[in-house]
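To start, the structure itself, in structure tokens.
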Amino acid sequence: QDASIQKLLFCGVGCAVQAFRSQAVQKDLGLEKVYVLGTNCADNSPSSLASADFISTGLDIDESELKSVKGYEFMQDFQVHVKKSSGDGDGDGDDNVYEKIPYFSLPGKIARTSIADSCLACFDYTNALADVVVGYMGAPLIGDGKMDSALQTLSVRNDAGKEMVKAALKSGRLEVSGEASGAGKWRDFAVQTVVADGIVAEMVGERPKEVGMPRWIGGLVAKVVTSIGPKGTHFASYSIDYHILRNYLHVISEWGEERGEASMPQYAKNIVREYLDRDKEFRRLRDRVLKKGGL
């Protein structure tokens, strides 16, 4: 602790922000002003080794190229964008090269080892305790489609968030393009994604697919789904709902229906209830998970 620090900007994903906001951290620091900048989150790797395995095995990138990989993200064109250094410079700026692998070409078996156990019991993909949240999920993917130059969505939650955005605009560090919007139906897409999920397959006693589609076929499917599927804020709704539904099935599989639901925030319960009420396929899947666990 440094008594000279009276104002602090904390940046983090939902679980980190929850820990920071606790009595044991934020309040005990005795700061004059705290600002919290959050990002949307949709699963993190449990370790650097698991991340490397996902890149080499899941994305089928040669192990000799692992050191060149600077990051990857599941983007709204239903492809994983992998950013790599070309080796022509210091790894920053224009020397980056990008590779895009369709979701549908990923082996289903890679999902379980690539996602931390804690992420499967998390329902805070929107980072609810941050003052401002930035993330790509509700924004259109336009222009060159590169993951680090695409538009982002800002969610401003309170006066501290407004203050942060105002300061960023004034300093020229932020440009605002307009209000976020969405189009396309997302609920059926969310259910079908849960049904096809390799982690969910294991919950009902099935083996995840060993291999995904050939890339050229997966690329065609990704283009079709991007064209007819949810866009903008509706893509964000799709992504949030899918993860909530998958994680609901995980917690009831691990702990039983009563304890599992007790671990969920009310807004997540409301979303799950809506799907259980309207979608027979999701109800059947829930019943299979409970039956498999003898719960």
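FYI, nothing fancy with the structure tokens labels: chains A, B, ... in order, residues from 1 per chain, ligands from 1 as they appear.
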
Polymer residues at most 8 Å from A:Val80, only C-alpha atoms, same-chain spacing of 6 or more positions, as a list in words: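 Counting only the stated atoms, we get Tyr72, Glu73, Phe74, Lys100, Ile101, Pro102 and Tyr103 of chain A.
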
A:Ala42 surroundings by only C-alpha atoms, 12 Å radius, close-in-sequence under 4 positions cut, as JSON, numbers by chain: {"A": [13, 14, 15, 73, 74, 75, 115, 116, 118, 119, 120, 121, 122, 123, 124, 125, 126, 127, 135, 136, 137, 236, 238, 239, 240, 241, 242, 243, 244, 246, 247]}

Between atom CA of A:Pro230 and atom CA of A:Lys185, distance in Å (one decimal): 5.6 Å

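Among the candidate residues A:Ala16, A:Ala130, A:Ala183, A:Val191, the one lying nearest to A:Asp159 is A:Ala130, with distances computed using only C-alpha atoms.
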
Surrounding residues of A:Trp186 excluding itself and chain neighbours under 4 positions, 8 Å, only C-alpha atoms, as a list in words: Ala190, Gly229, Pro230, His234, Phe235, Ser237 and Tyr238 of chain A

Mind the document's chain letters and residue numbers, and return as a JSON list (two decimals) with all heavy atoms, in the first residue's frame the residues of stretch 14-200 of chain A that DSSP labels strand (DSSP E or B).
[["chain", "number", "residue", "atom", "x", "y", "z"],
["A", 33, "LYS", "N", -10.57, 8.10, -4.90],
["A", 33, "LYS", "CA", -11.40, 7.84, -6.08],
["A", 33, "LYS", "C", -10.94, 6.56, -6.76],
["A", 33, "LYS", "O", -9.74, 6.32, -6.92],
["A", 33, "LYS", "CB", -11.29, 9.01, -7.08],
["A", 33, "LYS", "CG", -12.27, 8.94, -8.23],
["A", 33, "LYS", "CD", -13.70, 9.20, -7.80],
["A", 33, "LYS", "CE", -14.65, 9.21, -8.99],
["A", 33, "LYS", "NZ", -16.06, 9.43, -8.59],
["A", 34, "VAL", "N", -11.91, 5.75, -7.15],
["A", 34, "VAL", "CA", -11.62, 4.50, -7.85],
["A", 34, "VAL", "C", -12.42, 4.47, -9.15],
["A", 34, "VAL", "O", -13.61, 4.79, -9.17],
["A", 34, "VAL", "CB", -11.99, 3.27, -6.99],
["A", 34, "VAL", "CG1", -11.91, 1.99, -7.82],
["A", 34, "VAL", "CG2", -11.08, 3.17, -5.78],
["A", 35, "TYR", "N", -11.75, 4.11, -10.22],
["A", 35, "TYR", "CA", -12.41, 3.91, -11.51],
["A", 35, "TYR", "C", -12.17, 2.46, -11.93],
["A", 35, "TYR", "O", -11.06, 1.95, -11.82],
["A", 35, "TYR", "CB", -11.83, 4.84, -12.58],
["A", 35, "TYR", "CG", -11.96, 6.31, -12.26],
["A", 35, "TYR", "CD1", -10.93, 6.99, -11.61],
["A", 35, "TYR", "CD2", -13.10, 7.02, -12.61],
["A", 35, "TYR", "CE1", -11.04, 8.34, -11.31],
["A", 35, "TYR", "CE2", -13.22, 8.37, -12.32],
["A", 35, "TYR", "CZ", -12.19, 9.02, -11.67],
["A", 35, "TYR", "OH", -12.31, 10.36, -11.37],
["A", 36, "VAL", "N", -13.23, 1.82, -12.43],
["A", 36, "VAL", "CA", -13.10, 0.42, -12.84],
["A", 36, "VAL", "C", -13.50, 0.28, -14.31],
["A", 36, "VAL", "O", -14.64, 0.55, -14.69],
["A", 36, "VAL", "CB", -13.97, -0.52, -11.97],
["A", 36, "VAL", "CG1", -13.86, -1.95, -12.48],
["A", 36, "VAL", "CG2", -13.53, -0.44, -10.52],
["A", 37, "LEU", "N", -12.52, -0.12, -15.11],
["A", 37, "LEU", "CA", -12.72, -0.38, -16.53],
["A", 37, "LEU", "C", -12.74, -1.88, -16.74],
["A", 37, "LEU", "O", -11.76, -2.57, -16.42],
["A", 37, "LEU", "CB", -11.59, 0.26, -17.35],
["A", 37, "LEU", "CG", -11.56, -0.06, -18.84],
["A", 37, "LEU", "CD1", -12.80, 0.49, -19.54],
["A", 37, "LEU", "CD2", -10.29, 0.53, -19.48],
["A", 38, "GLY", "N", -13.85, -2.39, -17.24],
["A", 38, "GLY", "CA", -13.99, -3.83, -17.42],
["A", 38, "GLY", "C", -14.05, -4.22, -18.88],
["A", 38, "GLY", "O", -14.27, -3.39, -19.76],
["A", 39, "THR", "N", -13.83, -5.50, -19.13],
["A", 39, "THR", "CA", -14.03, -6.05, -20.47],
["A", 39, "THR", "C", -15.06, -7.16, -20.38],
["A", 39, "THR", "O", -15.23, -7.79, -19.34],
["A", 39, "THR", "CB", -12.72, -6.64, -21.04],
["A", 39, "THR", "OG1", -12.29, -7.74, -20.23],
["A", 39, "THR", "CG2", -11.63, -5.59, -21.09],
["A", 69, "VAL", "N", 2.39, -16.27, -32.06],
["A", 69, "VAL", "CA", 0.99, -15.97, -31.77],
["A", 69, "VAL", "C", 0.91, -14.98, -30.61],
["A", 69, "VAL", "O", 1.41, -15.22, -29.52],
["A", 69, "VAL", "CB", 0.21, -17.25, -31.42],
["A", 69, "VAL", "CG1", -1.22, -16.90, -31.00],
["A", 69, "VAL", "CG2", 0.19, -18.21, -32.61],
["A", 70, "LYS", "N", 0.27, -13.84, -30.87],
["A", 70, "LYS", "CA", 0.17, -12.78, -29.87],
["A", 70, "LYS", "C", -1.20, -12.74, -29.18],
["A", 70, "LYS", "O", -1.37, -12.13, -28.14],
["A", 70, "LYS", "CB", 0.45, -11.42, -30.52],
["A", 70, "LYS", "CG", 1.82, -11.32, -31.12],
["A", 70, "LYS", "CD", 1.98, -10.07, -31.96],
["A", 70, "LYS", "CE", 1.84, -8.83, -31.10],
["A", 70, "LYS", "NZ", 1.97, -7.60, -31.92],
["A", 71, "GLY", "N", -2.17, -13.38, -29.79],
["A", 71, "GLY", "CA", -3.50, -13.41, -29.20],
["A", 71, "GLY", "C", -4.49, -14.05, -30.13],
["A", 71, "GLY", "O", -4.24, -14.23, -31.33],
["A", 72, "TYR", "N", -5.63, -14.43, -29.57],
["A", 72, "TYR", "CA", -6.71, -14.97, -30.40],
["A", 72, "TYR", "C", -8.04, -14.61, -29.75],
["A", 72, "TYR", "O", -8.12, -14.39, -28.54],
["A", 72, "TYR", "CB", -6.58, -16.48, -30.61],
["A", 72, "TYR", "CG", -6.57, -17.31, -29.36],
["A", 72, "TYR", "CD1", -7.76, -17.75, -28.75],
["A", 72, "TYR", "CD2", -5.37, -17.70, -28.77],
["A", 72, "TYR", "CE1", -7.75, -18.52, -27.61],
["A", 72, "TYR", "CE2", -5.35, -18.47, -27.63],
["A", 72, "TYR", "CZ", -6.53, -18.87, -27.05],
["A", 72, "TYR", "OH", -6.52, -19.64, -25.91],
["A", 73, "GLU", "N", -9.07, -14.52, -30.55],
["A", 73, "GLU", "CA", -10.38, -14.14, -30.04],
["A", 73, "GLU", "C", -11.47, -14.78, -30.89],
["A", 73, "GLU", "O", -11.33, -14.89, -32.11],
["A", 73, "GLU", "CB", -10.53, -12.61, -30.07],
["A", 73, "GLU", "CG", -11.81, -12.09, -29.44],
["A", 73, "GLU", "CD", -11.89, -12.43, -27.96],
["A", 73, "GLU", "OE1", -11.27, -11.74, -27.14],
["A", 73, "GLU", "OE2", -12.59, -13.41, -27.65],
["A", 74, "PHE", "N", -12.54, -15.21, -30.23],
["A", 74, "PHE", "CA", -13.72, -15.71, -30.93],
["A", 74, "PHE", "C", -14.55, -14.50, -31.34],
["A", 74, "PHE", "O", -15.12, -13.81, -30.49],
["A", 74, "PHE", "CB", -14.53, -16.63, -30.02],
["A", 74, "PHE", "CG", -13.89, -17.96, -29.77],
["A", 74, "PHE", "CD1", -12.79, -18.08, -28.93],
["A", 74, "PHE", "CD2", -14.39, -19.11, -30.37],
["A", 74, "PHE", "CE1", -12.19, -19.31, -28.69],
["A", 74, "PHE", "CE2", -13.80, -20.35, -30.14],
["A", 74, "PHE", "CZ", -12.70, -20.44, -29.29],
["A", 79, "GLN", "N", -15.70, -16.95, -36.44],
["A", 79, "GLN", "CA", -14.35, -17.44, -36.67],
["A", 79, "GLN", "C", -13.45, -17.03, -35.51],
["A", 79, "GLN", "O", -13.72, -16.03, -34.83],
["A", 79, "GLN", "CB", -13.77, -16.86, -37.97],
["A", 79, "GLN", "CG", -14.53, -17.26, -39.22],
["A", 79, "GLN", "CD", -13.82, -16.80, -40.48],
["A", 79, "GLN", "OE1", -13.08, -17.56, -41.11],
["A", 79, "GLN", "NE2", -14.04, -15.56, -40.84],
["A", 80, "VAL", "N", -12.43, -17.82, -35.28],
["A", 80, "VAL", "CA", -11.40, -17.46, -34.30],
["A", 80, "VAL", "C", -10.34, -16.65, -35.04],
["A", 80, "VAL", "O", -9.75, -17.13, -36.01],
["A", 80, "VAL", "CB", -10.76, -18.70, -33.67],
["A", 80, "VAL", "CG1", -9.73, -18.27, -32.60],
["A", 80, "VAL", "CG2", -11.81, -19.60, -33.07],
["A", 81, "HIS", "N", -10.12, -15.43, -34.60],
["A", 81, "HIS", "CA", -9.10, -14.58, -35.20],
["A", 81, "HIS", "C", -7.80, -14.76, -34.42],
["A", 81, "HIS", "O", -7.76, -14.52, -33.22],
["A", 81, "HIS", "CB", -9.52, -13.12, -35.17],
["A", 81, "HIS", "CG", -10.68, -12.80, -36.06],
["A", 81, "HIS", "ND1", -10.90, -11.54, -36.59],
["A", 81, "HIS", "CD2", -11.69, -13.58, -36.53],
["A", 81, "HIS", "CE1", -12.00, -11.56, -37.33],
["A", 81, "HIS", "NE2", -12.49, -12.79, -37.31],
["A", 82, "VAL", "N", -6.77, -15.15, -35.11],
["A", 82, "VAL", "CA", -5.46, -15.35, -34.49],
["A", 82, "VAL", "C", -4.51, -14.27, -35.00],
["A", 82, "VAL", "O", -4.31, -14.13, -36.21],
["A", 82, "VAL", "CB", -4.89, -16.74, -34.83],
["A", 82, "VAL", "CG1", -3.55, -16.96, -34.11],
["A", 82, "VAL", "CG2", -5.89, -17.84, -34.46],
["A", 83, "LYS", "N", -3.95, -13.50, -34.08],
["A", 83, "LYS", "CA", -3.01, -12.45, -34.43],
["A", 83, "LYS", "C", -1.60, -12.96, -34.20],
["A", 83, "LYS", "O", -1.25, -13.40, -33.11],
["A", 83, "LYS", "CB", -3.26, -11.19, -33.60],
["A", 83, "LYS", "CG", -2.31, -10.04, -33.94],
["A", 83, "LYS", "CD", -2.74, -8.73, -33.31],
["A", 83, "LYS", "CE", -2.62, -8.76, -31.80],
["A", 83, "LYS", "NZ", -2.88, -7.44, -31.20],
["A", 84, "LYS", "N", -0.78, -12.87, -35.25],
["A", 84, "LYS", "CA", 0.59, -13.36, -35.18],
["A", 84, "LYS", "C", 1.56, -12.28, -35.65],
["A", 84, "LYS", "O", 1.22, -11.44, -36.48],
["A", 84, "LYS", "CB", 0.76, -14.61, -36.04],
["A", 84, "LYS", "CG", -0.10, -15.78, -35.61],
["A", 84, "LYS", "CD", 0.20, -17.04, -36.39],
["A", 84, "LYS", "CE", -0.28, -16.96, -37.81],
["A", 84, "LYS", "NZ", -0.10, -18.23, -38.55],
["A", 85, "SER", "N", 2.76, -12.33, -35.11],
["A", 85, "SER", "CA", 3.82, -11.46, -35.60],
["A", 85, "SER", "C", 4.42, -12.08, -36.84],
["A", 85, "SER", "O", 4.69, -13.28, -36.89],
["A", 85, "SER", "CB", 4.89, -11.29, -34.52],
["A", 85, "SER", "OG", 6.01, -10.61, -35.05],
["A", 96, "ASN", "N", 1.90, -7.26, -37.98],
["A", 96, "ASN", "CA", 1.01, -8.35, -37.58],
["A", 96, "ASN", "C", 0.37, -9.00, -38.79],
["A", 96, "ASN", "O", 0.04, -8.33, -39.78],
["A", 96, "ASN", "CB", -0.09, -7.83, -36.65],
["A", 96, "ASN", "CG", 0.45, -7.35, -35.32],
["A", 96, "ASN", "OD1", 1.42, -7.89, -34.81],
["A", 96, "ASN", "ND2", -0.18, -6.33, -34.75],
["A", 97, "VAL", "N", 0.20, -10.31, -38.71],
["A", 97, "VAL", "CA", -0.56, -11.03, -39.72],
["A", 97, "VAL", "C", -1.70, -11.75, -39.00],
["A", 97, "VAL", "O", -1.63, -12.03, -37.81],
["A", 97, "VAL", "CB", 0.31, -12.05, -40.49],
["A", 97, "VAL", "CG1", 1.35, -11.33, -41.31],
["A", 97, "VAL", "CG2", 0.98, -13.03, -39.53],
["A", 98, "TYR", "N", -2.77, -12.03, -39.73],
["A", 98, "TYR", "CA", -3.97, -12.59, -39.11],
["A", 98, "TYR", "C", -4.39, -13.87, -39.83],
["A", 98, "TYR", "O", -4.32, -13.97, -41.05],
["A", 98, "TYR", "CB", -5.11, -11.57, -39.16],
["A", 98, "TYR", "CG", -4.83, -10.33, -38.37],
["A", 98, "TYR", "CD1", -4.07, -9.29, -38.91],
["A", 98, "TYR", "CD2", -5.28, -10.20, -37.06],
["A", 98, "TYR", "CE1", -3.78, -8.16, -38.18],
["A", 98, "TYR", "CE2", -5.00, -9.06, -36.32],
["A", 98, "TYR", "CZ", -4.25, -8.05, -36.89],
["A", 98, "TYR", "OH", -3.95, -6.92, -36.15],
["A", 99, "GLU", "N", -4.81, -14.82, -39.03],
["A", 99, "GLU", "CA", -5.36, -16.06, -39.56],
["A", 99, "GLU", "C", -6.72, -16.27, -38.93],
["A", 99, "GLU", "O", -6.91, -16.01, -37.74],
["A", 99, "GLU", "CB", -4.44, -17.24, -39.23],
["A", 99, "GLU", "CG", -4.88, -18.55, -39.86],
["A", 99, "GLU", "CD", -3.86, -19.67, -39.66],
["A", 99, "GLU", "OE1", -2.76, -19.40, -39.15],
["A", 99, "GLU", "OE2", -4.19, -20.82, -40.01],
["A", 100, "LYS", "N", -7.69, -16.71, -39.74],
["A", 100, "LYS", "CA", -9.05, -16.88, -39.24],
["A", 100, "LYS", "C", -9.46, -18.34, -39.42],
["A", 100, "LYS", "O", -9.41, -18.88, -40.53],
["A", 100, "LYS", "CB", -10.02, -15.96, -39.99],
["A", 100, "LYS", "CG", -9.68, -14.48, -39.82],
["A", 100, "LYS", "CD", -10.63, -13.57, -40.59],
["A", 100, "LYS", "CE", -10.24, -12.11, -40.43],
["A", 100, "LYS", "NZ", -11.17, -11.21, -41.18],
["A", 101, "ILE", "N", -9.87, -18.95, -38.31],
["A", 101, "ILE", "CA", -10.29, -20.36, -38.33],
["A", 101, "ILE", "C", -11.76, -20.43, -37.94],
["A", 101, "ILE", "O", -12.16, -19.94, -36.87],
["A", 101, "ILE", "CB", -9.45, -21.20, -37.34],
["A", 101, "ILE", "CG1", -7.98, -21.22, -37.76],
["A", 101, "ILE", "CG2", -9.98, -22.63, -37.28],
["A", 101, "ILE", "CD1", -7.14, -20.16, -37.12],
["A", 102, "PRO", "N", -12.62, -21.01, -38.79],
["A", 102, "PRO", "CA", -14.05, -21.09, -38.48],
["A", 102, "PRO", "C", -14.32, -21.85, -37.20],
["A", 102, "PRO", "O", -13.66, -22.86, -36.91],
["A", 102, "PRO", "CB", -14.65, -21.83, -39.69],
["A", 102, "PRO", "CG", -13.63, -21.66, -40.78],
["A", 102, "PRO", "CD", -12.30, -21.60, -40.10],
["A", 132, "VAL", "N", -17.34, 1.13, -16.55],
["A", 132, "VAL", "CA", -17.43, 1.11, -18.01],
["A", 132, "VAL", "C", -16.95, -0.26, -18.48],
["A", 132, "VAL", "O", -15.96, -0.78, -17.96],
["A", 132, "VAL", "CB", -16.55, 2.20, -18.67],
["A", 132, "VAL", "CG1", -16.49, 2.02, -20.18],
["A", 132, "VAL", "CG2", -17.09, 3.58, -18.36],
["A", 133, "VAL", "N", -17.64, -0.83, -19.45],
["A", 133, "VAL", "CA", -17.22, -2.12, -20.02],
["A", 133, "VAL", "C", -17.01, -1.93, -21.52],
["A", 133, "VAL", "O", -17.85, -1.35, -22.20],
["A", 133, "VAL", "CB", -18.27, -3.22, -19.76],
["A", 133, "VAL", "CG1", -17.81, -4.54, -20.37],
["A", 133, "VAL", "CG2", -18.52, -3.38, -18.28],
["A", 134, "VAL", "N", -15.91, -2.45, -22.01],
["A", 134, "VAL", "CA", -15.63, -2.39, -23.44],
["A", 134, "VAL", "C", -15.50, -3.81, -23.98],
["A", 134, "VAL", "O", -14.90, -4.68, -23.33],
["A", 134, "VAL", "CB", -14.35, -1.57, -23.73],
["A", 134, "VAL", "CG1", -13.15, -2.17, -23.02],
["A", 134, "VAL", "CG2", -14.09, -1.46, -25.22],
["A", 135, "GLY", "N", -16.07, -4.06, -25.14],
["A", 135, "GLY", "CA", -15.99, -5.38, -25.74],
["A", 135, "GLY", "C", -16.55, -5.37, -27.14],
["A", 135, "GLY", "O", -17.32, -4.49, -27.51],
["A", 153, "THR", "N", -17.97, -2.05, -28.33],
["A", 153, "THR", "CA", -19.16, -1.52, -27.67],
["A", 153, "THR", "C", -18.78, -1.02, -26.28],
["A", 153, "THR", "O", -18.09, -1.71, -25.54],
["A", 153, "THR", "CB", -20.24, -2.60, -27.53],
["A", 153, "THR", "OG1", -20.50, -3.18, -28.80],
["A", 153, "THR", "CG2", -21.54, -2.00, -26.99],
["A", 154, "LEU", "N", -19.24, 0.18, -25.94],
["A", 154, "LEU", "CA", -19.05, 0.72, -24.60],
["A", 154, "LEU", "C", -20.36, 0.63, -23.83],
["A", 154, "LEU", "O", -21.40, 1.08, -24.31],
["A", 154, "LEU", "CB", -18.64, 2.20, -24.67],
["A", 154, "LEU", "CG", -17.16, 2.53, -24.89],
["A", 154, "LEU", "CD1", -17.00, 4.05, -24.97],
["A", 154, "LEU", "CD2", -16.30, 1.98, -23.78],
["A", 155, "SER", "N", -20.32, 0.05, -22.65],
["A", 155, "SER", "CA", -21.46, 0.05, -21.74],
["A", 155, "SER", "C", -21.10, 0.95, -20.56],
["A", 155, "SER", "O", -20.18, 0.64, -19.80],
["A", 155, "SER", "CB", -21.77, -1.37, -21.24],
["A", 155, "SER", "OG", -22.07, -2.24, -22.32],
["A", 156, "VAL", "N", -21.79, 2.07, -20.44],
["A", 156, "VAL", "CA", -21.50, 3.06, -19.39],
["A", 156, "VAL", "C", -22.56, 2.91, -18.31],
["A", 156, "VAL", "O", -23.75, 3.12, -18.57],
["A", 156, "VAL", "CB", -21.49, 4.49, -19.95],
["A", 156, "VAL", "CG1", -21.08, 5.49, -18.87],
["A", 156, "VAL", "CG2", -20.56, 4.59, -21.16],
["A", 182, "GLY", "N", -28.91, -3.76, -33.08],
["A", 182, "GLY", "CA", -28.82, -5.17, -33.43],
["A", 182, "GLY", "C", -29.91, -5.61, -34.38],
["A", 182, "GLY", "O", -30.91, -4.91, -34.58],
["A", 183, "ALA", "N", -29.71, -6.77, -34.97],
["A", 183, "ALA", "CA", -30.70, -7.34, -35.89],
["A", 183, "ALA", "C", -30.55, -8.85, -35.89],
["A", 183, "ALA", "O", -29.48, -9.40, -35.60],
["A", 183, "ALA", "CB", -30.52, -6.78, -37.30]]

Pairwise distance for atom CA of A:Met147 and atom CA of A:Val211, rounded to one decimal in Å: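 Rounded to one decimal, the two atoms are 25.5 Å apart.
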
Near-A:Lys109 list (10 Å; only C-alpha atoms; drop same-chain fewer than 2 positions) as a ChimeraX atom specification: /A:58,106-107,111-114,197-199,201-202,207-212

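Compared by their closest atoms to A:Phe78, and using only C-alpha atoms, the residues A:Leu290, A:Ile252, A:Ile5, A:Leu141 rank with A:Leu141 nearest.
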
Between atom CA of A:Lys269 and atom CA of A:Tyr248 - distance in Å to one decimal: 8.5 Å

Shell around A:Lys67 at 12 Å using only C-alpha atoms, local window under 5 positions removed, as JSON, numbers by chain: {"A": [52, 55, 56, 61, 62, 83, 84, 85, 86, 87, 91]}

Residue selection dump (N, CA and C atoms) as a compact mmCIF listing (two decimals), in the first residue's frame:
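Final output, saved to out_16.txt:
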# COMPACT_ATOMS: atom_id res chain seq x y z
N ALA A 52 -1.63 -22.92 -25.13
CA ALA A 52 -0.75 -23.37 -26.21
C ALA A 52 -1.32 -24.62 -26.89
N ILE A 55 -4.10 -23.61 -29.23
CA ILE A 55 -3.58 -23.02 -30.46
C ILE A 55 -3.05 -24.10 -31.40
N SER A 56 -2.29 -25.05 -30.86
CA SER A 56 -1.67 -26.06 -31.72
C SER A 56 -2.64 -27.16 -32.12
N ILE A 61 -2.45 -24.89 -35.57
CA ILE A 61 -1.32 -24.04 -35.91
C ILE A 61 -0.05 -24.75 -35.49
N ASP A 62 0.90 -24.82 -36.40
CA ASP A 62 2.12 -25.58 -36.16
C ASP A 62 2.84 -25.08 -34.90
N LYS A 83 -3.95 -13.50 -34.08
CA LYS A 83 -3.01 -12.45 -34.43
C LYS A 83 -1.60 -12.96 -34.20
N LYS A 84 -0.78 -12.87 -35.25
CA LYS A 84 0.59 -13.36 -35.18
C LYS A 84 1.56 -12.28 -35.65
N SER A 85 2.76 -12.33 -35.11
CA SER A 85 3.82 -11.46 -35.60
C SER A 85 4.42 -12.08 -36.84
N SER A 86 4.62 -11.27 -37.87
CA SER A 86 5.18 -11.78 -39.12
C SER A 86 6.68 -12.03 -39.02
N GLY A 87 7.29 -11.46 -37.96
CA GLY A 87 8.74 -11.61 -37.82
C GLY A 87 9.52 -10.54 -38.53
N GLY A 91 6.99 -6.79 -33.56
CA GLY A 91 5.75 -7.43 -33.11
C GLY A 91 4.62 -6.46 -32.87

Nearest residue to A:Ala128 from the set A:Gln23, A:Ser177, A:Asn158, A:Ser4 (distances using only C-alpha atoms): A:Asn158
